[in-house]
$ cat target_21.txt   # compact mmCIF, C-alpha atoms
# COMPACT_ATOMS: atom_id res chain seq x y z
CA MET F 1 3.37 34.23 10.92
CA ALA F 2 5.11 36.83 13.05
CA ASP F 3 2.75 39.76 13.62
CA THR F 4 4.80 42.84 12.82
CA THR F 5 2.27 45.04 14.64
CA VAL F 6 3.20 43.43 17.98
CA GLU F 7 6.49 44.67 19.38
CA PRO F 8 8.63 41.70 20.46
CA ILE F 9 9.67 41.65 24.11
CA PRO F 10 13.44 42.28 24.16
CA LEU F 11 15.13 39.69 26.35
CA ASP F 12 17.33 41.08 29.10
CA LEU F 13 20.72 39.80 28.04
CA THR F 14 21.99 39.99 31.63
CA GLY F 15 19.20 37.78 33.01
CA SER F 16 18.59 40.22 35.87
CA ASP F 17 14.99 39.07 36.43
CA ILE F 18 14.42 35.80 34.60
CA GLN F 19 11.19 34.86 36.36
CA GLY F 20 9.68 38.35 36.12
CA GLU F 21 10.52 38.45 32.44
CA SER F 22 9.05 34.96 31.95
CA ALA F 23 5.81 36.13 33.57
CA ARG F 24 5.64 39.11 31.20
CA ILE F 25 6.18 36.83 28.21
CA ARG F 26 3.55 34.38 29.48
CA ALA F 27 1.03 37.22 29.78
CA ARG F 28 1.21 37.62 25.98
CA GLY F 29 -0.05 34.07 25.46
CA PRO F 30 1.18 30.43 25.14
CA VAL F 31 3.77 31.61 22.61
CA ALA F 32 4.93 35.19 22.22
CA LEU F 33 7.46 37.07 20.15
CA VAL F 34 10.69 38.03 21.87
CA ALA F 35 13.83 39.73 20.59
CA LEU F 36 17.16 37.92 20.92
CA PRO F 37 20.51 39.77 20.79
CA GLY F 38 20.63 42.05 17.77
CA GLY F 39 16.83 42.20 17.64
CA VAL F 40 16.56 38.74 16.07
CA PRO F 41 12.92 37.59 16.55
CA ALA F 42 11.90 34.24 18.04
CA TRP F 43 8.76 32.68 19.46
CA SER F 44 9.07 32.06 23.18
CA ALA F 45 6.97 29.13 24.44
CA THR F 46 6.25 29.47 28.17
CA ASP F 47 3.06 27.38 28.26
CA ALA F 48 4.16 23.98 29.61
CA THR F 49 1.76 21.94 27.49
CA VAL F 50 2.51 23.86 24.31
CA LEU F 51 6.26 23.73 24.91
CA GLU F 52 6.23 19.99 25.54
CA SER F 53 4.23 19.51 22.35
CA LEU F 54 6.65 21.64 20.31
CA LEU F 55 9.69 19.83 21.72
CA ALA F 56 8.30 16.50 20.52
CA ASP F 57 6.87 17.77 17.21
CA PRO F 58 8.63 16.43 14.09
CA ARG F 59 7.70 19.73 12.42
CA VAL F 60 10.19 21.46 14.76
CA SER F 61 13.88 21.28 13.83
CA LYS F 62 17.15 22.39 15.43
CA ASP F 63 19.01 22.63 12.12
CA PRO F 64 19.30 26.27 10.97
CA ARG F 65 20.94 25.26 7.69
CA GLN F 66 17.79 23.51 6.58
CA HIS F 67 15.01 25.28 8.43
CA TRP F 68 15.79 28.82 9.64
CA THR F 69 14.94 31.28 6.89
CA ALA F 70 17.03 34.09 8.39
CA PHE F 71 20.09 31.82 8.52
CA ILE F 72 19.57 30.42 5.01
CA ASP F 73 19.13 33.94 3.59
CA GLY F 74 22.40 35.11 5.16
CA GLU F 75 20.79 37.45 7.69
CA ILE F 76 22.45 35.53 10.55
CA THR F 77 26.21 35.90 10.23
CA GLN F 78 29.29 35.44 12.40
CA ASP F 79 28.68 38.96 13.70
CA TRP F 80 25.66 37.70 15.64
CA PRO F 81 26.67 37.13 19.31
CA MET F 82 24.87 33.77 19.44
CA PHE F 83 26.18 32.48 16.13
CA SER F 84 28.09 29.65 17.81
CA TRP F 85 24.84 28.40 19.38
CA VAL F 86 23.41 27.60 15.96
CA ALA F 87 26.42 27.14 13.65
CA VAL F 88 27.98 24.09 15.30
CA ASP F 89 27.78 20.62 13.73
CA ASN F 90 26.63 18.29 16.49
CA MET F 91 23.48 16.67 17.84
CA PHE F 92 22.41 20.02 19.37
CA THR F 93 21.80 21.45 15.89
CA ALA F 94 20.94 18.26 14.02
CA TYR F 95 17.55 17.09 12.75
CA GLY F 96 16.05 13.70 11.99
CA ALA F 97 18.46 10.96 10.91
CA ASP F 98 21.53 13.19 11.44
CA HIS F 99 20.50 13.80 15.02
CA ARG F 100 19.95 10.10 15.68
CA ARG F 101 23.37 9.27 14.18
CA LEU F 102 25.24 11.81 16.31
CA ARG F 103 23.31 11.10 19.49
CA ASN F 104 23.92 7.36 19.16
CA LEU F 105 27.68 8.02 19.15
CA VAL F 106 27.56 9.70 22.58
CA ALA F 107 24.74 7.71 24.19
CA PRO F 108 26.90 4.73 25.30
CA ALA F 109 28.84 7.02 27.65
CA PHE F 110 25.65 7.96 29.49
CA THR F 111 23.93 4.59 29.96
CA HIS F 112 22.36 3.81 33.31
CA ARG F 113 25.16 1.35 34.07
CA ARG F 114 27.96 3.80 33.32
CA THR F 115 26.23 6.62 35.14
CA THR F 116 25.63 4.51 38.24
CA ALA F 117 29.25 3.37 38.17
CA LEU F 118 30.31 7.00 38.65
CA ARG F 119 28.77 7.18 42.14
CA PRO F 120 31.98 6.32 44.06
CA ARG F 121 33.97 8.89 42.10
CA ILE F 122 31.35 11.61 42.66
CA GLU F 123 31.23 10.76 46.37
CA ALA F 124 35.02 11.02 46.60
CA LEU F 125 35.07 14.35 44.75
CA THR F 126 32.34 15.70 46.99
CA ALA F 127 34.12 14.58 50.15
CA GLY F 128 37.36 16.19 49.01
CA LEU F 129 35.65 19.51 48.30
CA LEU F 130 33.92 19.45 51.69
CA ASP F 131 37.26 18.73 53.37
CA ALA F 132 38.72 21.77 51.63
CA LEU F 133 35.78 23.90 52.74
CA GLU F 134 36.26 22.64 56.28
CA ALA F 135 39.63 24.42 56.28
CA THR F 136 37.94 27.82 55.83
CA PRO F 137 38.99 30.03 58.76
CA ALA F 138 36.33 30.54 61.44
CA GLY F 139 34.07 33.46 60.58
CA ALA F 140 35.37 33.71 57.01
CA VAL F 141 33.05 33.73 54.01
CA ALA F 142 33.07 30.80 51.57
CA ASP F 143 31.69 30.97 48.01
CA LEU F 144 29.72 27.76 47.49
CA ARG F 145 29.30 28.28 43.76
CA GLU F 146 33.03 28.60 43.15
CA SER F 147 34.18 26.04 45.72
CA TYR F 148 31.40 23.44 45.51
CA ALA F 149 28.60 23.79 42.94
CA TYR F 150 31.04 24.39 40.09
CA PRO F 151 33.89 21.92 40.66
CA VAL F 152 31.76 18.79 41.19
CA PRO F 153 30.21 18.63 37.68
CA ILE F 154 33.14 20.17 35.81
CA GLN F 155 35.50 17.58 37.27
CA VAL F 156 33.12 14.74 36.45
CA ILE F 157 32.60 15.79 32.84
CA THR F 158 36.28 16.51 32.17
CA GLU F 159 37.20 13.09 33.54
CA LEU F 160 34.55 11.46 31.35
CA LEU F 161 36.03 13.25 28.34
CA GLY F 162 39.62 12.49 29.28
CA VAL F 163 40.62 16.18 29.43
CA PRO F 164 44.29 16.48 30.50
CA GLU F 165 45.01 18.81 33.40
CA HIS F 166 46.76 21.46 31.29
CA LEU F 167 43.62 22.08 29.17
CA GLY F 168 41.14 22.31 32.06
CA PRO F 169 41.48 25.99 33.08
CA GLY F 170 41.23 27.28 29.52
CA LEU F 171 38.14 25.21 28.78
CA ARG F 172 36.47 26.39 31.97
CA LYS F 173 37.02 30.04 31.01
CA CYS F 174 35.55 29.38 27.55
CA VAL F 175 32.47 27.67 28.99
CA ASP F 176 31.78 30.60 31.32
CA THR F 177 32.03 33.08 28.44
CA TYR F 178 29.91 30.87 26.16
CA PHE F 179 26.93 31.12 28.52
CA ASP F 180 27.38 34.85 29.13
CA THR F 181 24.80 36.19 26.68
CA SER F 182 25.79 39.79 27.40
CA THR F 183 29.09 39.11 25.58
CA GLY F 184 29.51 41.17 22.42
CA PRO F 185 29.82 39.58 18.95
CA GLU F 186 33.60 39.95 18.60
CA ALA F 187 34.31 38.51 22.06
CA ALA F 188 31.78 35.71 21.51
CA MET F 189 33.41 34.68 18.23
CA ALA F 190 36.91 34.93 19.72
CA ASN F 191 35.76 32.69 22.57
CA TYR F 192 34.33 30.14 20.14
CA VAL F 193 37.59 30.08 18.17
CA GLU F 194 39.59 29.67 21.38
CA MET F 195 37.40 26.83 22.62
CA TYR F 196 37.47 25.12 19.23
CA GLY F 197 41.25 25.25 19.36
CA LEU F 198 41.41 23.84 22.88
CA VAL F 199 39.07 20.97 22.03
CA THR F 200 41.09 20.26 18.89
CA GLU F 201 44.13 20.05 21.21
CA LEU F 202 42.16 17.57 23.32
CA VAL F 203 41.50 15.43 20.23
CA THR F 204 45.20 15.53 19.30
CA TYR F 205 46.22 14.60 22.82
CA ARG F 206 43.81 11.66 23.03
CA THR F 207 44.77 10.50 19.53
CA GLU F 208 48.33 10.16 20.83
CA ASN F 209 47.31 9.05 24.33
CA PRO F 210 44.06 7.05 24.04
CA GLY F 211 42.21 6.11 27.20
CA ASP F 212 38.87 4.87 28.53
CA ASP F 213 37.00 8.12 27.85
CA ILE F 214 34.42 9.60 25.50
CA THR F 215 36.99 11.48 23.41
CA SER F 216 39.02 8.34 22.69
CA VAL F 217 35.86 6.42 21.73
CA LEU F 218 34.76 9.16 19.31
CA ILE F 219 38.26 9.33 17.79
CA THR F 220 38.11 5.58 17.13
CA THR F 221 34.69 6.04 15.52
CA ARG F 222 35.97 8.89 13.33
CA ASP F 223 38.90 6.76 12.14
CA GLU F 224 36.86 3.68 11.29
CA GLU F 225 36.62 2.90 7.60
CA GLY F 226 33.40 4.28 6.19
CA SER F 227 32.71 6.40 9.27
CA GLN F 228 30.30 9.29 8.72
CA LEU F 229 31.70 11.25 11.67
CA THR F 230 33.67 14.24 10.40
CA GLN F 231 36.47 16.00 12.28
CA LYS F 232 34.27 19.10 12.77
CA GLU F 233 31.37 16.99 14.07
CA LEU F 234 33.78 15.30 16.49
CA VAL F 235 35.11 18.60 17.86
CA ASP F 236 31.66 20.22 17.98
CA THR F 237 30.20 17.18 19.75
CA LEU F 238 32.91 17.39 22.41
CA MET F 239 32.28 21.14 22.78
CA LEU F 240 28.59 20.43 23.33
CA THR F 241 29.33 17.73 25.89
CA ILE F 242 31.66 20.03 27.84
CA ASN F 243 29.23 22.97 27.79
CA ALA F 244 26.02 21.08 28.47
CA GLY F 245 27.66 18.44 30.62
CA HIS F 246 28.21 20.68 33.59
CA GLU F 247 26.35 24.01 33.32
CA THR F 248 22.95 22.53 34.12
CA THR F 249 24.26 20.73 37.19
CA VAL F 250 26.15 23.80 38.48
CA ASN F 251 22.94 25.82 38.38
CA LEU F 252 20.87 22.97 39.80
CA LEU F 253 23.15 22.80 42.85
CA ASP F 254 23.29 26.61 43.07
CA GLN F 255 19.51 27.07 42.95
CA ALA F 256 18.83 24.16 45.32
CA ILE F 257 21.19 25.62 47.92
CA VAL F 258 19.51 29.03 47.65
CA ALA F 259 15.99 27.58 47.81
CA LEU F 260 16.75 25.40 50.83
CA LEU F 261 18.57 28.09 52.80
CA THR F 262 15.66 30.47 52.21
CA HIS F 263 13.13 27.78 53.22
CA PRO F 264 14.68 26.35 56.41
CA GLU F 265 11.63 24.30 57.33
CA GLN F 266 11.83 22.47 54.00
CA LEU F 267 15.56 22.00 54.43
CA ALA F 268 14.86 20.38 57.80
CA ASP F 269 12.31 18.07 56.17
CA ALA F 270 14.95 16.92 53.66
CA VAL F 271 17.74 16.54 56.20
CA GLU F 272 15.50 14.63 58.62
CA GLY F 273 14.05 12.38 55.94
CA ARG F 274 10.47 13.63 55.82
CA VAL F 275 10.95 14.33 52.14
CA SER F 276 13.44 12.70 49.77
CA TRP F 277 16.34 14.53 48.16
CA ALA F 278 14.92 13.38 44.82
CA GLU F 279 11.83 15.47 45.58
CA VAL F 280 14.05 18.46 46.43
CA ILE F 281 15.87 18.09 43.13
CA GLU F 282 12.72 17.86 41.02
CA GLU F 283 11.13 20.85 42.74
CA THR F 284 14.31 22.86 42.19
CA LEU F 285 14.31 21.92 38.50
CA ARG F 286 10.70 23.10 38.25
CA TYR F 287 11.06 26.24 40.38
CA GLU F 288 14.31 27.55 38.89
CA ALA F 289 15.09 25.79 35.61
CA PRO F 290 18.91 25.70 35.34
CA VAL F 291 18.59 26.71 31.69
CA ALA F 292 16.04 29.51 31.46
CA HIS F 293 15.71 29.88 27.67
CA LEU F 294 17.35 27.43 25.27
CA PRO F 295 18.15 28.64 21.72
CA LEU F 296 16.98 27.61 19.14
CA ARG F 297 14.46 25.56 17.21
CA PHE F 298 12.81 26.25 13.85
CA ALA F 299 9.43 25.56 12.29
CA VAL F 300 9.74 23.11 9.40
CA GLU F 301 6.27 24.17 8.27
CA ASP F 302 3.56 26.49 9.57
CA ILE F 303 2.51 25.46 13.08
CA GLN F 304 -0.75 26.68 14.61
CA VAL F 305 -0.72 27.39 18.36
CA GLY F 306 -4.12 28.68 19.40
CA ASP F 307 -4.72 31.81 17.34
CA VAL F 308 -1.01 32.23 16.58
CA THR F 309 0.79 30.78 13.57
CA ILE F 310 4.49 30.09 13.93
CA GLY F 311 5.54 30.50 10.34
CA LYS F 312 7.69 28.08 8.41
CA GLY F 313 11.33 29.02 8.90
CA GLU F 314 10.76 31.07 12.06
CA ALA F 315 12.76 30.59 15.26
CA ILE F 316 11.42 29.09 18.49
CA LEU F 317 12.89 29.59 21.97
CA ALA F 318 12.28 26.86 24.56
CA SER F 319 11.55 28.90 27.70
CA TYR F 320 11.99 26.27 30.40
CA ALA F 321 11.94 28.75 33.30
CA GLY F 322 8.54 30.07 32.27
CA ALA F 323 7.09 26.61 31.65
CA GLY F 324 8.20 25.41 35.09
CA ARG F 325 6.00 28.03 36.71
CA ASP F 326 3.00 27.68 34.42
CA PRO F 327 -0.03 28.32 36.69
CA LYS F 328 -2.21 26.14 34.44
CA VAL F 329 -0.10 23.19 35.61
CA HIS F 330 0.96 24.25 39.11
CA GLY F 331 -1.90 26.50 40.16
CA GLU F 332 -1.75 29.63 42.29
CA THR F 333 1.39 28.43 44.07
CA ALA F 334 3.44 28.05 40.88
CA ASP F 335 5.83 30.79 42.02
CA GLU F 336 6.43 29.15 45.40
CA PHE F 337 9.15 26.63 46.26
CA ASP F 338 7.45 23.62 47.86
CA VAL F 339 9.21 20.26 48.10
CA HIS F 340 5.92 18.72 49.26
CA ARG F 341 4.16 19.74 46.05
CA GLU F 342 2.49 16.65 44.62
CA LYS F 343 2.91 17.64 40.96
CA LYS F 344 6.47 18.73 40.13
CA ASP F 345 6.24 18.34 36.36
CA HIS F 346 8.85 20.26 34.36
CA VAL F 347 10.71 20.14 31.06
CA SER F 348 13.99 21.53 32.40
CA PHE F 349 15.93 18.72 30.73
CA GLY F 350 13.99 19.11 27.51
CA HIS F 351 11.58 16.60 25.98
CA GLY F 352 11.35 14.38 22.94
CA ALA F 353 14.29 13.50 20.70
CA HIS F 354 16.52 16.18 22.22
CA HIS F 355 15.87 15.30 25.87
CA CYS F 356 19.14 15.89 27.74
CA ILE F 357 21.25 12.76 27.47
CA GLY F 358 23.06 13.64 30.70
CA ALA F 359 19.95 14.20 32.86
CA PRO F 360 20.49 11.03 34.95
CA LEU F 361 24.08 12.09 35.63
CA ALA F 362 22.98 15.58 36.73
CA ARG F 363 20.40 14.08 39.08
CA LEU F 364 22.98 11.64 40.49
CA GLU F 365 25.49 14.43 41.14
CA ALA F 366 22.86 16.53 42.91
CA SER F 367 21.58 13.56 44.94
CA ILE F 368 25.11 13.08 46.30
CA ALA F 369 26.32 16.67 46.62
CA LEU F 370 23.30 18.25 48.32
CA PRO F 371 22.80 15.90 51.30
CA ALA F 372 26.57 15.71 51.81
CA LEU F 373 26.84 19.51 52.01
CA PHE F 374 24.09 19.95 54.58
CA ALA F 375 25.24 16.96 56.62
CA ARG F 376 28.77 18.39 56.87
CA PHE F 377 27.61 21.96 57.59
CA PRO F 378 24.23 21.80 59.38
CA LYS F 379 24.45 25.48 60.41
CA LEU F 380 25.15 26.76 56.91
CA ALA F 381 23.89 30.33 56.51
CA PHE F 382 24.10 33.06 53.88
CA ALA F 383 26.69 35.76 54.44
CA GLN F 384 24.51 38.33 52.68
CA ASP F 385 20.82 38.90 52.03
CA PRO F 386 19.97 36.23 49.39
CA ALA F 387 17.72 38.78 47.69
CA THR F 388 20.88 40.68 46.74
CA LEU F 389 22.61 37.74 45.01
CA LYS F 390 23.60 38.73 41.48
CA PRO F 391 22.67 36.60 38.45
CA ILE F 392 25.52 35.29 36.32
CA GLY F 393 24.72 37.55 33.35
CA SER F 394 22.80 35.34 30.94
CA PHE F 395 19.26 34.82 29.69
CA VAL F 396 20.21 31.18 28.98
CA SER F 397 21.99 30.06 32.14
CA ASN F 398 20.03 30.57 35.36
CA GLY F 399 22.36 30.86 38.34
CA HIS F 400 24.26 33.29 40.55
CA GLN F 401 27.69 34.87 40.29
CA THR F 402 28.53 33.87 43.86
CA LEU F 403 26.96 32.06 46.83
CA PRO F 404 28.67 33.64 49.87
CA VAL F 405 28.01 31.68 53.07
CA HIS F 406 29.14 31.17 56.64
CA LEU F 407 29.72 27.43 56.94
CA HIS F 408 29.10 27.21 60.67
CA GLY F 409 26.31 29.75 61.06
CA ALA F 410 26.32 33.54 61.14
CA PRO F 411 29.10 34.86 63.40
CA GLN F 412 27.97 36.21 66.77
CA SER F 413 28.24 39.99 67.05
$ encode --input "target_21.txt" --output "structure tokens"
Amino acid sequence: MADTTVEPIPLDLTGSDIQGESARIRARGPVALVALPGGVPAWSATDATVLESLLADPRVSKDPRQHWTAFIDGEITQDWPMFSWVAVDNMFTAYGADHRRLRNLVAPAFTHRRTTALRPRIEALTAGLLDALEATPAGAVADLRESYAYPVPIQVITELLGVPEHLGPGLRKCVDTYFDTSTGPEAAMANYVEMYGLVTELVTYRTENPGDDITSVLITTRDEEGSQLTQKELVDTLMLTINAGHETTVNLLDQAIVALLTHPEQLADAVEGRVSWAEVIEETLRYEAPVAHLPLRFAVEDIQVGDVTIGKGEAILASYAGAGRDPKVHGETADEFDVHREKKDHVSFGHGAHHCIGAPLARLEASIALPALFARFPKLAFAQDPATLKPIGSFVSNGHQTLPVHLHGAPQS
């Protein structure tokens, strides 16, 4: 049970020092109490072995309606800034048979065959973005997050979903606000309502204009006689796919670019083929998990972790960033970026029944976008001290507000 004599560590809602904070949490033990927005308590698991075990444990649920005491008792209301993270009806918050049912509806869109078939489209998108960057005036600063890391995955996922052009900008704004955990409760709820409305518009549009996309397939499933897919589950599933379908990849590209530019010898090893881009990607996922802390899971019954008991009905936070740098797994160099590291184990895409269904797509996008970027701009250099890059303002999403660079090397003074 939660020890009320131990003050929970309040999470920095702006994510100003995710790794430093993760180290402080880890120092408390394999699991430690933290405070979410509003002081809501949760157990943060930063021990890689413990976290992997919890993620696969059938005694751990993602359904607050059944298994989070604070939610069931009405202590968690719409006034809570992260209410939309737990109140949706989709596979993200489902448990057991409900989760399997909802996941099976989306899984066909992310098979190995369909993912591999996207390679030509991703290559074309990447080439087009690089062409646009090429037009940057000599000596000018380009923002690689805005002009490269962001548009590749958002374009891929919106095309998969069949999002018409007129809905794209609004959905992008909603996604950005959704991951901003410093957003207040009123703004967070207003954003959820706005996004729900936009996705409902998407469903209406694809009902009238069906195509070869995920939305059209789910609409057909909803309309089948005897279907168990409700309208709210349909909309919430699409919201999840939009949110999760690109944010991880944006941050993966972002963090890989930063790590490689700050480790030029390792960048040279990748460019010259002494290490594979797959190794770069896995080390980036370990070193800077794109999702730092993922809310939320709940104990179905008391769970003993060492000398700590996570009580039935208590919340659990999957702290991927902390687990990726667990020194018990990665030794004294856990805090160092090393593409030659033999053991790059991580759980940055989750584990068990809720392992990220889009992980192969994220890896494919990164395996195309990263080598293409450095091949096109071999003298790429930061336009400011990378130590001064600002985080995006979230304890969930682990990336930077901007990535300002000189595409052809630092200008000569």
$ atom_distance --input "target_21.txt" --atom1 "atom CA of F:Arg114" --atom2 "atom CA of F:Leu161"
13.4 Å
$ residues_around --input "target_21.txt" --residues "F:Val40" --least-positions-apart "5" --cutoff "10 Å" --atoms "all atoms listed in the file" --output "JSON, numbers by chain"
{"F": [8, 10, 34, 35, 70, 75, 76, 80, 315]}
$ write_last_selection --input "target_21.txt" --atoms "C-alpha atoms" --output "PDB file, in the frame of the given file"
ATOM      1  CA  PRO F   8       8.630  41.700  20.460  1.00  0.00           C
ATOM      2  CA  PRO F  10      13.440  42.280  24.160  1.00  0.00           C
ATOM      3  CA  VAL F  34      10.690  38.030  21.870  1.00  0.00           C
ATOM      4  CA  ALA F  35      13.830  39.730  20.590  1.00  0.00           C
ATOM      5  CA  ALA F  70      17.030  34.090   8.390  1.00  0.00           C
ATOM      6  CA  GLU F  75      20.790  37.450   7.690  1.00  0.00           C
ATOM      7  CA  ILE F  76      22.450  35.530  10.550  1.00  0.00           C
ATOM      8  CA  TRP F  80      25.660  37.700  15.640  1.00  0.00           C
ATOM      9  CA  ALA F 315      12.760  30.590  15.260  1.00  0.00           C
TER      10      ALA F 315
END
$ residues_around --input "target_21.txt" --residues "stretch 282-298 of chain F" --least-positions-apart "2" --cutoff "6 Å" --atoms "all atoms listed in the file" --output "MDAnalysis selection string"
chainID F and resid 60:62 67:68 248 251:252 256 279:280 313:321 324 339 344 346 348 396:398
$ residues_near_point --input "target_21.txt" --point "(17.2, 12.1, 13.4)" --cutoff "12 Å" --atoms "all atoms listed in the file" --output "PDB file with C-alpha atoms, in the coordinates of the input"
ATOM      1  CA  PRO F  58       8.630  16.430  14.090  1.00  0.00           C
ATOM      2  CA  VAL F  60      10.190  21.460  14.760  1.00  0.00           C
ATOM      3  CA  SER F  61      13.880  21.280  13.830  1.00  0.00           C
ATOM      4  CA  LYS F  62      17.150  22.390  15.430  1.00  0.00           C
ATOM      5  CA  ASP F  63      19.010  22.630  12.120  1.00  0.00           C
ATOM      6  CA  ASN F  90      26.630  18.290  16.490  1.00  0.00           C
ATOM      7  CA  MET F  91      23.480  16.670  17.840  1.00  0.00           C
ATOM      8  CA  PHE F  92      22.410  20.020  19.370  1.00  0.00           C
ATOM      9  CA  THR F  93      21.800  21.450  15.890  1.00  0.00           C
ATOM     10  CA  ALA F  94      20.940  18.260  14.020  1.00  0.00           C
ATOM     11  CA  TYR F  95      17.550  17.090  12.750  1.00  0.00           C
ATOM     12  CA  GLY F  96      16.050  13.700  11.990  1.00  0.00           C
ATOM     13  CA  ALA F  97      18.460  10.960  10.910  1.00  0.00           C
ATOM     14  CA  ASP F  98      21.530  13.190  11.440  1.00  0.00           C
ATOM     15  CA  HIS F  99      20.500  13.800  15.020  1.00  0.00           C
ATOM     16  CA  ARG F 100      19.950  10.100  15.680  1.00  0.00           C
ATOM     17  CA  ARG F 101      23.370   9.270  14.180  1.00  0.00           C
ATOM     18  CA  LEU F 102      25.240  11.810  16.310  1.00  0.00           C
ATOM     19  CA  ARG F 103      23.310  11.100  19.490  1.00  0.00           C
ATOM     20  CA  ASN F 104      23.920   7.360  19.160  1.00  0.00           C
ATOM     21  CA  GLY F 352      11.350  14.380  22.940  1.00  0.00           C
ATOM     22  CA  ALA F 353      14.290  13.500  20.700  1.00  0.00           C
ATOM     23  CA  HIS F 354      16.520  16.180  22.220  1.00  0.00           C
TER      24      HIS F 354
END
$ closest_residue --input "target_21.txt" --among "F:Ala138, F:Ile219, F:Arg121, F:Thr49" --to "F:Gln412" --atoms "only C-alpha atoms"
F:Ala138
$ atom_distance --input "target_21.txt" --atom1 "atom CA of F:Gly226" --atom2 "atom CA of F:Leu238"
20.9 Å
$ residues_around --input "target_21.txt" --residues "F:Ala188" --least-positions-apart "3" --cutoff "10 Å" --atoms "only C-alpha atoms" --output "PyMOL selection string"
chain F and resi 78-84+174+177-185+191-194
